[in-house]
file final-v2.cif (mmCIF, C-alpha atoms and all ligand atoms)
data_data
#
loop_
_atom_site.label_atom_id
_atom_site.label_comp_id
_atom_site.auth_asym_id
_atom_site.auth_seq_id
_atom_site.Cartn_x
_atom_site.Cartn_y
_atom_site.Cartn_z
CA MET A 1247 42.39 -23.42 35.70
CA ALA A 1248 42.57 -19.84 34.65
CA TYR A 1249 40.37 -19.58 31.57
CA ASN A 1250 37.93 -22.38 31.98
CA GLN A 1251 35.09 -20.11 30.97
CA ILE A 1252 36.25 -20.87 27.46
CA LEU A 1253 37.70 -24.34 27.54
CA GLU A 1254 37.66 -26.58 30.51
CA ASP A 1255 40.97 -28.17 31.10
CA ASP A 1256 39.83 -31.46 32.46
CA THR A 1257 43.02 -33.18 31.42
CA GLY A 1258 45.11 -31.22 33.88
CA SER A 1259 47.70 -30.65 31.18
CA GLU A 1260 50.26 -27.88 31.17
CA HIS A 1261 49.47 -24.65 29.33
CA ILE A 1262 52.51 -23.53 27.43
CA ILE A 1263 50.76 -20.31 26.38
CA GLU A 1264 48.00 -18.41 28.13
CA ILE A 1265 46.43 -15.48 26.34
CA LYS A 1266 44.11 -13.19 28.20
CA ASP A 1267 41.97 -10.34 26.89
CA LEU A 1268 44.12 -9.50 23.93
CA CYS A 1269 42.93 -6.37 22.12
CA LYS A 1270 44.37 -4.75 19.03
CA SER A 1271 43.23 -1.92 16.79
CA PHE A 1272 44.60 -0.71 13.50
CA ASP A 1273 43.69 2.84 12.52
CA GLY A 1274 40.84 2.92 15.01
CA THR A 1275 39.36 -0.38 13.89
CA LYS A 1276 39.32 -3.16 16.47
CA VAL A 1277 40.71 -6.29 14.87
CA LEU A 1278 41.10 -8.34 18.08
CA LYS A 1279 38.46 -8.10 20.78
CA ASN A 1280 39.33 -9.69 24.12
CA ILE A 1281 40.94 -12.78 22.67
CA THR A 1282 41.36 -15.29 25.49
CA PHE A 1283 42.55 -18.87 25.17
CA TYR A 1284 45.31 -21.19 26.21
CA ILE A 1285 47.54 -23.62 24.38
CA ARG A 1286 48.45 -26.95 25.89
CA ASN A 1287 51.98 -28.19 25.69
CA ASN A 1288 52.57 -30.33 22.57
CA GLU A 1289 49.20 -29.76 21.02
CA PHE A 1290 48.37 -28.90 17.44
CA ILE A 1291 46.09 -25.91 17.74
CA THR A 1292 44.55 -24.08 14.80
CA LEU A 1293 43.16 -20.58 14.49
CA LEU A 1294 40.45 -20.89 11.87
CA GLY A 1295 38.39 -18.16 10.29
CA PRO A 1296 37.84 -16.16 7.12
CA SER A 1297 40.37 -13.73 5.77
CA GLY A 1298 40.67 -10.61 7.91
CA CYS A 1299 39.29 -12.09 11.14
CA GLY A 1300 42.53 -11.51 13.05
CA LYS A 1301 44.32 -14.86 12.87
CA SER A 1302 47.67 -13.55 11.67
CA THR A 1303 47.55 -10.62 14.06
CA THR A 1304 47.09 -13.04 16.96
CA LEU A 1305 49.99 -15.14 15.73
CA ARG A 1306 52.20 -12.11 15.21
CA ILE A 1307 51.55 -10.95 18.75
CA ILE A 1308 52.56 -14.39 20.06
CA ALA A 1309 55.69 -14.25 17.89
CA GLY A 1310 56.54 -10.74 19.06
CA PHE A 1311 56.31 -9.08 15.64
CA GLU A 1312 53.30 -7.07 16.75
CA THR A 1313 52.35 -5.48 20.07
CA ALA A 1314 48.88 -5.79 21.55
CA ASP A 1315 47.07 -2.66 22.76
CA SER A 1316 46.12 -4.52 25.91
CA GLY A 1317 46.07 -8.05 27.25
CA ILE A 1318 48.57 -10.64 28.30
CA VAL A 1319 50.55 -13.35 26.57
CA ASN A 1320 52.12 -15.72 29.05
CA PHE A 1321 54.66 -18.24 27.85
CA GLU A 1322 55.33 -20.97 30.39
CA GLY A 1323 53.95 -18.69 33.05
CA LYS A 1324 56.06 -15.68 32.10
CA ASP A 1325 54.67 -12.48 30.59
CA LEU A 1326 56.20 -12.04 27.14
CA LYS A 1327 55.62 -8.30 26.95
CA SER A 1328 59.22 -7.32 27.44
CA VAL A 1329 60.71 -10.29 25.59
CA PRO A 1330 61.79 -9.41 22.02
CA ALA A 1331 60.87 -11.74 19.15
CA ASN A 1332 64.34 -13.17 18.80
CA LYS A 1333 64.48 -14.10 22.48
CA ARG A 1334 61.23 -16.04 22.45
CA ASN A 1335 61.60 -19.77 22.06
CA ILE A 1336 59.14 -19.55 19.19
CA ASN A 1337 59.67 -19.78 15.43
CA THR A 1338 57.36 -18.85 12.59
CA VAL A 1339 56.77 -20.38 9.17
CA PHE A 1340 55.00 -18.12 6.69
CA GLN A 1341 53.22 -18.82 3.47
CA ARG A 1342 55.92 -16.95 1.63
CA TYR A 1343 59.03 -18.79 2.49
CA ALA A 1344 61.60 -15.96 2.30
CA LEU A 1345 64.34 -18.41 1.43
CA PHE A 1346 67.71 -17.20 0.20
CA PRO A 1347 67.88 -18.04 -3.51
CA HIS A 1348 71.66 -17.71 -3.67
CA LEU A 1349 72.18 -20.34 -0.97
CA ASN A 1350 71.63 -24.06 -1.29
CA VAL A 1351 69.15 -25.94 0.85
CA PHE A 1352 71.67 -26.89 3.52
CA ASP A 1353 72.92 -23.32 3.92
CA ASN A 1354 69.39 -21.93 4.03
CA VAL A 1355 68.60 -24.20 6.94
CA ALA A 1356 72.00 -23.62 8.57
CA PHE A 1357 71.80 -19.82 8.27
CA GLY A 1358 70.42 -19.03 11.71
CA LEU A 1359 72.76 -21.46 13.45
CA LYS A 1360 75.78 -19.93 11.72
CA ILE A 1361 74.77 -16.47 12.89
CA LYS A 1362 74.55 -17.85 16.40
CA LYS A 1363 78.06 -19.27 15.98
CA VAL A 1364 77.01 -22.84 16.64
CA ASN A 1365 79.99 -25.09 15.88
CA LYS A 1366 80.26 -26.73 12.49
CA ALA A 1367 79.79 -30.31 13.58
CA GLU A 1368 76.64 -29.49 15.47
CA ILE A 1369 75.28 -27.43 12.59
CA LYS A 1370 75.81 -30.34 10.23
CA GLN A 1371 74.13 -32.77 12.56
CA ARG A 1372 71.16 -30.51 13.30
CA VAL A 1373 70.60 -29.41 9.71
CA ASN A 1374 70.70 -32.96 8.42
CA LYS A 1375 68.26 -34.05 11.08
CA ALA A 1376 65.90 -31.19 10.24
CA LEU A 1377 66.11 -31.99 6.52
CA ALA A 1378 65.40 -35.64 7.23
CA THR A 1379 62.39 -34.66 9.33
CA VAL A 1380 60.86 -32.71 6.44
CA GLY A 1381 61.69 -35.45 3.94
CA LEU A 1382 64.56 -33.66 2.19
CA ALA A 1383 67.49 -35.76 3.40
CA ASP A 1384 69.22 -35.78 0.02
CA TYR A 1385 68.46 -32.21 -0.99
CA GLY A 1386 71.15 -30.29 0.88
CA GLU A 1387 73.11 -29.39 -2.24
CA ARG A 1388 70.14 -28.24 -4.29
CA TYR A 1389 69.50 -24.59 -4.95
CA ILE A 1390 66.19 -23.04 -4.11
CA ASP A 1391 65.19 -22.45 -7.74
CA GLN A 1392 65.57 -26.17 -8.40
CA LEU A 1393 62.80 -26.96 -5.91
CA SER A 1394 59.05 -27.30 -6.23
CA GLY A 1395 56.73 -25.18 -4.11
CA GLY A 1396 56.19 -28.05 -1.73
CA GLN A 1397 59.91 -28.62 -1.33
CA MET A 1398 60.50 -24.92 -0.68
CA GLN A 1399 57.89 -25.01 2.05
CA ARG A 1400 59.68 -28.00 3.59
CA VAL A 1401 62.93 -26.05 3.59
CA ALA A 1402 61.17 -23.19 5.37
CA ILE A 1403 59.88 -25.63 7.98
CA ALA A 1404 63.31 -27.23 8.36
CA ARG A 1405 64.80 -23.79 8.89
CA ALA A 1406 62.37 -23.15 11.69
CA ILE A 1407 62.64 -26.51 13.46
CA VAL A 1408 66.43 -26.56 13.32
CA ASN A 1409 66.29 -23.96 16.08
CA ARG A 1410 64.46 -26.44 18.28
CA PRO A 1411 61.73 -23.99 19.23
CA ARG A 1412 59.24 -24.85 21.94
CA ILE A 1413 56.50 -23.56 19.70
CA LEU A 1414 56.19 -23.43 15.95
CA LEU A 1415 53.80 -20.85 14.52
CA LEU A 1416 52.57 -21.59 11.01
CA ASP A 1417 50.66 -18.92 9.12
CA GLU A 1418 48.79 -20.47 6.18
CA PRO A 1419 51.97 -22.35 5.28
CA LEU A 1420 50.32 -24.49 2.61
CA GLY A 1421 48.34 -21.71 0.96
CA ALA A 1422 50.59 -21.46 -2.08
CA LEU A 1423 50.57 -25.19 -2.84
CA ASP A 1424 48.26 -27.02 -5.17
CA LEU A 1425 45.52 -29.16 -3.69
CA LYS A 1426 47.27 -32.53 -3.96
CA MET A 1427 50.48 -31.26 -2.42
CA ARG A 1428 48.51 -29.50 0.28
CA LYS A 1429 46.75 -32.72 1.28
CA GLU A 1430 50.05 -34.58 1.47
CA MET A 1431 51.68 -31.84 3.49
CA GLN A 1432 48.75 -31.73 5.91
CA ILE A 1433 49.36 -35.32 6.89
CA GLU A 1434 53.11 -34.86 7.01
CA LEU A 1435 52.88 -31.76 9.16
CA LYS A 1436 50.77 -33.59 11.67
CA GLU A 1437 53.29 -36.45 11.73
CA MET A 1438 56.14 -34.01 12.09
CA GLN A 1439 54.46 -32.36 15.02
CA ARG A 1440 54.07 -35.70 16.79
CA GLU A 1441 57.60 -36.74 16.02
CA LEU A 1442 59.12 -33.45 17.15
CA GLY A 1443 56.96 -33.29 20.25
CA ILE A 1444 56.57 -29.51 20.01
CA THR A 1445 53.54 -27.26 20.05
CA PHE A 1446 52.19 -26.17 16.67
CA VAL A 1447 50.01 -23.09 16.37
CA TYR A 1448 48.53 -23.16 12.91
CA VAL A 1449 46.58 -20.50 11.04
CA THR A 1450 44.25 -21.29 8.18
CA HIS A 1451 41.01 -20.17 6.58
CA ASP A 1452 40.48 -23.73 5.32
CA GLN A 1453 38.12 -25.64 7.57
CA GLU A 1454 39.01 -29.01 6.12
CA GLU A 1455 42.68 -28.41 6.81
CA ALA A 1456 41.82 -27.48 10.38
CA LEU A 1457 39.69 -30.59 10.87
CA THR A 1458 42.40 -32.85 9.44
CA MET A 1459 45.33 -31.70 11.52
CA SER A 1460 44.24 -30.13 14.76
CA ASP A 1461 43.89 -31.33 18.32
CA THR A 1462 42.09 -28.08 19.07
CA ILE A 1463 40.39 -25.58 16.76
CA ILE A 1464 39.69 -21.96 17.62
CA VAL A 1465 37.02 -20.54 15.33
CA MET A 1466 37.28 -16.78 14.88
CA LYS A 1467 35.10 -14.15 13.26
CA ASP A 1468 35.74 -10.39 13.18
CA GLY A 1469 38.33 -10.51 15.95
CA VAL A 1470 36.11 -12.55 18.28
CA ILE A 1471 36.48 -16.21 19.26
CA GLN A 1472 33.29 -18.08 18.39
CA GLN A 1473 34.20 -21.52 19.67
CA ILE A 1474 37.11 -23.54 20.99
CA GLY A 1475 37.07 -27.30 20.86
CA THR A 1476 38.27 -30.49 19.26
CA PRO A 1477 37.50 -30.98 15.57
CA ILE A 1478 34.73 -33.37 16.56
CA ASP A 1479 33.29 -30.83 19.00
CA VAL A 1480 33.14 -27.97 16.57
CA TYR A 1481 31.79 -30.19 13.81
CA ASN A 1482 29.19 -32.05 15.83
CA GLU A 1483 28.33 -29.46 18.46
CA PRO A 1484 28.73 -26.07 16.84
CA LYS A 1485 28.07 -23.26 19.30
CA ASN A 1486 26.21 -21.09 16.83
CA ALA A 1487 25.08 -20.85 13.25
CA TYR A 1488 28.29 -19.17 12.19
CA VAL A 1489 30.43 -22.07 13.34
CA ALA A 1490 28.02 -24.61 11.91
CA ASP A 1491 28.16 -22.94 8.54
CA PHE A 1492 31.89 -22.36 8.54
CA ILE A 1493 32.79 -25.90 9.59
CA GLY A 1494 31.51 -28.09 6.82
CA GLU A 1495 28.33 -27.65 4.93
CA SER A 1496 25.13 -27.35 6.86
CA ASN A 1497 21.46 -26.84 6.59
CA ILE A 1498 20.60 -24.17 9.11
CA VAL A 1499 16.95 -23.33 9.54
CA ALA A 1500 14.83 -21.52 12.03
CA GLY A 1501 12.88 -23.49 14.57
CA THR A 1502 11.20 -23.30 17.93
CA MET A 1503 11.20 -25.42 21.06
CA LYS A 1504 8.29 -25.61 23.46
CA LYS A 1505 9.61 -28.54 25.44
CA ASP A 1506 12.63 -30.78 25.81
CA LYS A 1507 13.68 -33.03 22.95
CA GLU A 1508 11.29 -31.67 20.41
CA VAL A 1509 11.85 -28.97 17.83
CA VAL A 1510 9.43 -27.53 15.32
CA LEU A 1511 10.82 -26.16 12.07
CA SER A 1512 9.50 -22.83 10.90
CA SER A 1513 7.48 -24.69 8.31
CA GLY A 1514 5.66 -26.60 11.04
CA ILE A 1515 7.36 -29.98 10.77
CA THR A 1516 8.10 -31.49 14.19
CA PHE A 1517 11.32 -33.37 14.85
CA GLU A 1518 12.37 -35.40 17.79
CA CYS A 1519 15.85 -34.39 18.97
CA VAL A 1520 18.10 -35.24 21.91
CA ASP A 1521 18.60 -31.74 23.30
CA PRO A 1522 16.75 -30.39 26.30
CA MET A 1523 15.62 -26.76 26.20
CA PHE A 1524 18.20 -24.13 27.08
CA PRO A 1525 17.98 -23.09 30.74
CA GLU A 1526 16.61 -19.64 29.95
CA PHE A 1527 13.75 -21.07 27.87
CA THR A 1528 10.18 -21.16 29.11
CA GLU A 1529 8.21 -24.37 28.83
CA GLY A 1530 5.17 -24.14 26.61
CA ILE A 1531 6.10 -21.06 24.61
CA ALA A 1532 7.79 -21.16 21.22
CA ASN A 1533 11.44 -20.38 22.09
CA LEU A 1534 13.43 -19.46 18.99
CA VAL A 1535 16.34 -21.70 18.03
CA ASP A 1536 18.51 -22.53 15.06
CA VAL A 1537 18.37 -26.07 13.80
CA VAL A 1538 21.40 -27.58 12.07
CA ILE A 1539 21.25 -30.71 9.95
CA ARG A 1540 24.37 -31.88 8.16
CA PRO A 1541 23.81 -32.96 4.54
CA GLU A 1542 25.23 -36.42 5.24
CA ASP A 1543 22.76 -37.01 8.07
CA PHE A 1544 19.67 -37.21 5.88
CA TYR A 1545 18.15 -40.51 4.90
CA VAL A 1546 16.45 -40.41 1.55
CA ALA A 1547 13.26 -42.45 1.31
CA GLU A 1548 10.10 -42.60 -0.72
CA GLU A 1549 7.85 -39.62 -0.61
CA LYS A 1550 5.67 -39.63 2.54
CA GLU A 1551 8.02 -42.02 4.30
CA GLY A 1552 10.15 -39.18 5.57
CA ARG A 1553 9.29 -36.19 7.68
CA ILE A 1554 10.17 -33.75 4.94
CA ASN A 1555 8.73 -34.22 1.47
CA GLY A 1556 10.20 -32.46 -1.50
CA THR A 1557 11.39 -32.44 -5.06
CA VAL A 1558 14.96 -33.10 -6.15
CA GLU A 1559 16.22 -29.91 -7.77
CA SER A 1560 19.78 -30.86 -8.59
CA LEU A 1561 22.06 -33.86 -8.46
CA VAL A 1562 25.86 -33.85 -8.56
CA PHE A 1563 28.21 -36.81 -8.22
CA LYS A 1564 30.91 -36.06 -5.66
CA GLY A 1565 33.09 -39.13 -5.93
CA VAL A 1566 31.79 -41.28 -3.10
CA HIS A 1567 28.33 -39.82 -2.68
CA TYR A 1568 25.81 -37.78 -4.56
CA GLU A 1569 24.89 -34.30 -3.52
CA MET A 1570 21.36 -33.14 -4.07
CA ILE A 1571 19.29 -30.10 -3.41
CA VAL A 1572 15.82 -31.08 -2.34
CA LYS A 1573 13.24 -28.34 -2.24
CA SER A 1574 10.63 -29.17 0.34
CA ASP A 1575 7.02 -28.21 -0.08
CA ASP A 1576 7.44 -25.32 2.36
CA GLY A 1577 10.07 -23.75 0.09
CA ILE A 1578 13.20 -24.71 2.03
CA GLU A 1579 16.12 -25.94 -0.05
CA TRP A 1580 17.96 -28.76 1.69
CA LEU A 1581 21.45 -29.86 0.85
CA VAL A 1582 21.42 -33.65 1.00
CA GLN A 1583 24.16 -36.23 0.52
CA ASN A 1584 23.37 -39.80 -0.28
CA VAL A 1585 25.25 -42.74 -1.81
CA ASP A 1586 22.34 -43.42 -4.14
CA PRO A 1587 21.19 -40.81 -6.62
CA SER A 1588 17.61 -39.61 -6.92
CA ALA A 1589 16.60 -38.24 -10.30
CA VAL A 1590 16.11 -34.52 -10.72
CA GLY A 1591 12.40 -33.80 -10.59
CA SER A 1592 11.58 -36.88 -8.54
CA ARG A 1593 9.74 -36.71 -5.24
CA VAL A 1594 11.50 -37.93 -2.09
CA GLY A 1595 10.98 -38.09 1.65
CA LEU A 1596 13.79 -37.09 4.02
CA TYR A 1597 14.26 -38.15 7.58
CA VAL A 1598 16.95 -37.64 10.19
CA ASP A 1599 17.92 -39.46 13.37
CA PRO A 1600 17.14 -37.43 16.49
CA ASP A 1601 20.79 -37.26 17.54
CA ASP A 1602 21.78 -35.81 14.17
CA ILE A 1603 19.68 -32.73 14.81
CA GLN A 1604 21.69 -29.97 16.42
CA ILE A 1605 19.90 -27.25 18.33
CA MET A 1606 21.59 -23.92 18.88
CA ARG A 1607 20.63 -20.69 20.52
CA ARG A 1608 19.54 -18.10 18.08
CA SER A 1609 22.04 -15.32 17.78
CA GLU A 1610 22.57 -12.25 15.68
CA LEU A 1611 24.79 -14.44 13.55
CA SER A 1612 21.96 -16.72 12.60
CA PRO A 1613 19.79 -15.47 9.80
CA ASP A 1614 22.31 -14.62 7.11
CA PHE A 1615 24.33 -17.78 7.30
CA GLY A 1616 23.78 -21.07 5.61
CA SER A 1617 23.79 -21.57 1.92
CA PHE A 1618 20.64 -23.54 2.38
CA GLY A 1619 17.73 -22.96 4.64
CA ILE A 1620 15.61 -19.93 5.31
CA LYS A 1621 15.48 -16.99 7.61
CA HIS A 1622 13.58 -16.90 10.84
CA PRO A 1623 9.85 -16.42 10.67
CA GLU A 1624 9.80 -12.85 11.88
CA ALA A 1625 12.51 -11.89 9.42
CA ARG A 1626 10.58 -13.56 6.70
CA ASP A 1627 7.45 -11.61 7.48
CA ASN A 1628 9.27 -8.38 6.77
CA GLU A 1629 10.97 -9.40 3.62
CA ASN A 1630 10.46 -10.66 0.19
CA ARG A 1631 10.58 -14.45 0.18
CA GLU A 1632 12.59 -14.48 -3.02
CA ASP A 1633 15.93 -13.60 -1.52
CA VAL A 1634 15.97 -15.63 1.63
CA VAL A 1635 18.20 -18.36 0.32
CA SER A 1636 21.51 -16.61 0.67
CA ASP A 1637 24.60 -17.48 -1.26
CA ASN A 1638 27.31 -19.25 0.59
CA VAL A 1639 29.43 -16.54 2.14
CA VAL A 1640 32.23 -18.79 3.24
CA GLU A 1641 35.34 -19.04 1.16
CA GLU A 1642 35.76 -22.29 -0.65
CA ALA A 1643 38.63 -24.47 0.44
CA ASP A 1644 40.18 -24.25 -2.99
CA ASN A 1645 40.41 -20.50 -3.03
CA LYS A 1646 43.80 -19.05 -2.61
CA PRO A 1647 43.90 -17.27 0.70
CA GLU A 1648 44.05 -13.54 0.59
CA ASP A 1649 47.21 -12.73 2.35
CA LYS A 1650 46.99 -9.89 4.78
CA ASP A 1651 50.53 -9.79 5.94
CA GLY A 1652 51.55 -6.87 3.84
CA GLU A 1653 55.06 -6.28 5.02
CA PRO A 1654 58.00 -8.31 3.83
CA GLU A 1655 58.52 -10.82 6.55
CA VAL A 1656 62.13 -11.74 6.37
CA GLU A 1657 61.90 -14.61 8.72
CA THR A 1658 65.51 -15.50 9.09
CA GLY A 1659 64.95 -18.31 11.52
CA VAL A 1660 67.51 -16.81 13.85
CA ASN A 1661 65.32 -16.50 16.88
CA ASP A 1662 65.62 -19.17 19.47
P1 LIG B 1 43.69 -12.85 9.01
O1 LIG B 1 45.07 -13.37 9.23
O2 LIG B 1 42.65 -13.56 9.80
O3 LIG B 1 43.32 -12.81 7.56
P2 LIG B 1 44.76 -10.36 10.00
O4 LIG B 1 45.08 -10.64 11.41
O5 LIG B 1 45.89 -10.36 9.04
O6 LIG B 1 43.60 -11.35 9.51
O7 LIG B 1 44.04 -8.96 9.87
C1 LIG B 1 42.95 -8.57 10.67
C2 LIG B 1 42.53 -7.17 10.26
O8 LIG B 1 43.54 -6.26 10.61
C3 LIG B 1 42.32 -7.03 8.78
O9 LIG B 1 41.23 -6.16 8.58
C4 LIG B 1 43.60 -6.39 8.30
O10 LIG B 1 43.37 -5.63 7.15
C5 LIG B 1 44.00 -5.55 9.49
N1 LIG B 1 45.43 -5.41 9.60
C6 LIG B 1 46.33 -6.41 9.82
N2 LIG B 1 47.58 -5.93 9.91
C7 LIG B 1 47.49 -4.60 9.75
C8 LIG B 1 48.45 -3.52 9.76
N3 LIG B 1 49.75 -3.74 9.97
N4 LIG B 1 47.98 -2.27 9.55
C9 LIG B 1 46.66 -2.02 9.38
N5 LIG B 1 45.72 -2.98 9.35
C10 LIG B 1 46.12 -4.26 9.55
MG MG B 2 46.47 -13.99 7.75
#
call {"tool": "encode", "arguments": {"input": "final-v2.cif", "output": "structure tokens", "more": "lines below"}}
Ligand code: ADP
Ligand code: MG
result
Amino acid sequence: MAYNQILEDDTGSEHIIEIKDLCKSFDGTKVLKNITFYIRNNEFITLLGPSGCGKSTTLRIIAGFETADSGIVNFEGKDLKSVPANKRNINTVFQRYALFPHLNVFDNVAFGLKIKKVNKAEIKQRVNKALATVGLADYGERYIDQLSGGQMQRVAIARAIVNRPRILLLDEPLGALDLKMRKEMQIELKEMQRELGITFVYVTHDQEEALTMSDTIIVMKDGVIQQIGTPIDVYNEPKNAYVADFIGESNIVAGTMKKDKEVVLSSGITFECVDPMFPEFTEGIANLVDVVIRPEDFYVAEEKEGRINGTVESLVFKGVHYEMIVKSDDGIEWLVQNVDPSAVGSRVGLYVDPDDIQIMRRSELSPDFGSFGIKHPEARDNENREDVVSDNVVEEADNKPEDKDGEPEVETGVND
């Protein structure tokens, strides 16, 4: 298949969209750098990354609201370059719903069909079906200002799906909702996508949202794709320290490998792991790697029973488990989750199963990421040890997204 350097298509499934080498600059700043990926028919694919990394720009190019400087967007094998937005079989749902306040719910959803002069009986049938799909079967007569935020977002989705698009683009559609509503809508959106049997391209900065809903996640940073894979892939096998840190909480520390299946942390502790050395590594010398250990993968034991010995620095109850920071004797602060609490100030031993230790190539992304863990040895030599535990740079899931789409997007839902 065309772009298997990024994602091998071993399923032989149809690619509804193929994007190749998309580049875009604004005012001389490159915001998309050779973006290349494909979208399988009927999948739920998510562009995930922090604010400003180019997610919306990518989506807007697919929608036809923005033009790429170079690169190709193929839709069902056809170059979309000369196809205007309203002739693409693609609809977009934005965070701001742009509903018509003077129209009731039914007429908001019917608006695009009326413009297209669809006959009344068909409009009625299609609008009612769309409203039922989003769980608003009895809301046709309501006015927009009588709706909650969640209901307004459902109307916006109904207005898009009533056009029966082949692809639905959703740009942070749940960003304005409160947490509880967002969680409910995540599950519903996924169900809707299955029921409708159409392709969803979803944009979010919220890693948990991406993990919950997606078949495929594309992790972006500064206009560059970092990894493409299933939620399980990107969580369990992050390609680099950036992805590991962005997807869930991680301990990322420097290490070295001299041989297969054995990694030595910078502090000298040796761990058995399941990874062989990377092909470019030389046996017998200390090849630099990043080591990722998820907080939930630690076992907490008595001091000396684990591989890492340390002191519990903090303890927070998180509902199902406790979250602790354990400072090991070499100065590393480990984020640890356990169902049983260990008292602050107590001494513990930590151990980890070999297959829960992820080894990654060191990259320029490595040293500054990770809320916990330390920099690589050579970086440490040059710097004051005090500041090596960096603050978490990743936005929290609860933060309201910073919306970059400055212009008023009057998404009328008329494109088909
Ligand atoms: P994201 O959706 O991931 O937050 P965007 O794709 O909206 O990111 O933006 C990527 C970068 O491009 C940001 O730095 C943003 O400020 C810039 N940008 C986006 N749209 C425009 C525009 N119309 N004019 C100038 N800069 C833009
Ligand atoms: Mg955006």
call {"tool": "residues_around", "arguments": {"input": "final-v2.cif", "residues": "Val1585 (chain A)", "least_positions_apart": "3", "cutoff": "7 Å", "atoms": "only C-alpha atoms", "output": "ChimeraX atom specification"}}
result
/A:1566-1568
call {"tool": "residues_near_ligand", "arguments": {"input": "final-v2.cif", "ligand": "ligand LIG 1 (chain B)", "cutoff": "8 Å", "atoms": "only C-alpha atoms and all ligand atoms", "output": "MDAnalysis selection string"}}
result
chainID A and resid 1271:1273 1275:1278 1294:1305 1417 1449 1451 1468:1469 1648:1653
call {"tool": "closest_residue", "arguments": {"input": "final-v2.cif", "among": "A:Trp1580, A:Tyr1284, A:Phe1321, A:Tyr1448", "to": "ligand MG 2 (chain B)", "atoms": "all atoms listed in the file"}}
result
A:Tyr1448
call {"tool": "closest_residue", "arguments": {"input": "final-v2.cif", "among": "A:Asp1353, A:Asp1315, A:Glu1418, A:Glu1508", "to": "ligand MG 2 (chain B)", "atoms": "only C-alpha atoms and all ligand atoms"}}
result
A:Glu1418
call {"tool": "residues_around", "arguments": {"input": "final-v2.cif", "residues": "region 1515-1529 of chain A", "least_positions_apart": "3", "cutoff": "10 Å", "atoms": "only C-alpha atoms", "output": "mmCIF file with C-alpha atoms, in the frame of the given file"}}
result
data_model
loop_
_atom_site.group_PDB
_atom_site.id
_atom_site.type_symbol
_atom_site.label_atom_id
_atom_site.label_comp_id
_atom_site.auth_asym_id
_atom_site.auth_seq_id
_atom_site.Cartn_x
_atom_site.Cartn_y
_atom_site.Cartn_z
ATOM 1 C CA GLY A 1501 12.880 -23.490 14.570
ATOM 2 C CA THR A 1502 11.200 -23.300 17.930
ATOM 3 C CA MET A 1503 11.200 -25.420 21.060
ATOM 4 C CA LYS A 1504 8.290 -25.610 23.460
ATOM 5 C CA LYS A 1505 9.610 -28.540 25.440
ATOM 6 C CA ASP A 1506 12.630 -30.780 25.810
ATOM 7 C CA LYS A 1507 13.680 -33.030 22.950
ATOM 8 C CA GLU A 1508 11.290 -31.670 20.410
ATOM 9 C CA VAL A 1509 11.850 -28.970 17.830
ATOM 10 C CA VAL A 1510 9.430 -27.530 15.320
ATOM 11 C CA LEU A 1511 10.820 -26.160 12.070
ATOM 12 C CA SER A 1512 9.500 -22.830 10.900
ATOM 13 C CA ALA A 1532 7.790 -21.160 21.220
ATOM 14 C CA ASN A 1533 11.440 -20.380 22.090
ATOM 15 C CA LEU A 1534 13.430 -19.460 18.990
ATOM 16 C CA VAL A 1535 16.340 -21.700 18.030
ATOM 17 C CA ARG A 1553 9.290 -36.190 7.680
ATOM 18 C CA ILE A 1554 10.170 -33.750 4.940
ATOM 19 C CA ASP A 1576 7.440 -25.320 2.360
ATOM 20 C CA TYR A 1597 14.260 -38.150 7.580
ATOM 21 C CA VAL A 1598 16.950 -37.640 10.190
ATOM 22 C CA ASP A 1599 17.920 -39.460 13.370
ATOM 23 C CA PRO A 1600 17.140 -37.430 16.490
ATOM 24 C CA ASP A 1601 20.790 -37.260 17.540
ATOM 25 C CA ASP A 1602 21.780 -35.810 14.170
ATOM 26 C CA ILE A 1603 19.680 -32.730 14.810
ATOM 27 C CA GLN A 1604 21.690 -29.970 16.420
ATOM 28 C CA ILE A 1605 19.900 -27.250 18.330
ATOM 29 C CA MET A 1606 21.590 -23.920 18.880
ATOM 30 C CA ARG A 1607 20.630 -20.690 20.520
#
call {"tool": "atom_distance", "arguments": {"input": "final-v2.cif", "atom1": "CA of Val1447 (chain A)", "atom2": "CA of Gly1386 (chain A)"}}
result
27.2 Å
call {"tool": "residues_around", "arguments": {"input": "final-v2.cif", "residues": "Gly1494 (chain A)", "least_positions_apart": "5", "cutoff": "8 Å", "atoms": "all atoms listed in the file", "output": "VMD selection string"}}
result
chain A and resid 1453 to 1454 1481
call {"tool": "axis_aligned_box", "arguments": {"input": "final-v2.cif", "around": "region 1457-1466 of chain A", "padding_each_side": "6 Å", "output": "JSON"}}
result
{"center_x": 41.2, "center_y": -24.8, "center_z": 14.3, "size_x": 20.3, "size_y": 28.1, "size_z": 21.6}
call {"tool": "atom_distance", "arguments": {"input": "final-v2.cif", "atom1": "CA of Thr1458 (chain A)", "atom2": "CA of Pro1477 (chain A)"}}
result
8.1 Å
call {"tool": "closest_residue", "arguments": {"input": "final-v2.cif", "among": "A:Leu1393, A:Pro1411, A:Lys1362, A:Glu1368", "to": "Pro1347 (chain A)", "atoms": "all atoms listed in the file"}}
result
A:Leu1393
call {"tool": "residues_around", "arguments": {"input": "final-v2.cif", "residues": "Lys1360 (chain A)", "least_positions_apart": "2", "cutoff": "12 Å", "atoms": "all atoms listed in the file", "output": "list in words"}}
result
Phe1352, Asp1353, Asn1354, Val1355, Ala1356, Phe1357, Gly1358, Lys1362, Lys1363, Val1364, Asn1365, Lys1366, Ala1367, Glu1368, Ile1369, Lys1370, Arg1372, Val1373, Arg1405, Val1408, Asn1409, Thr1658, Gly1659 and Val1660 of chain A
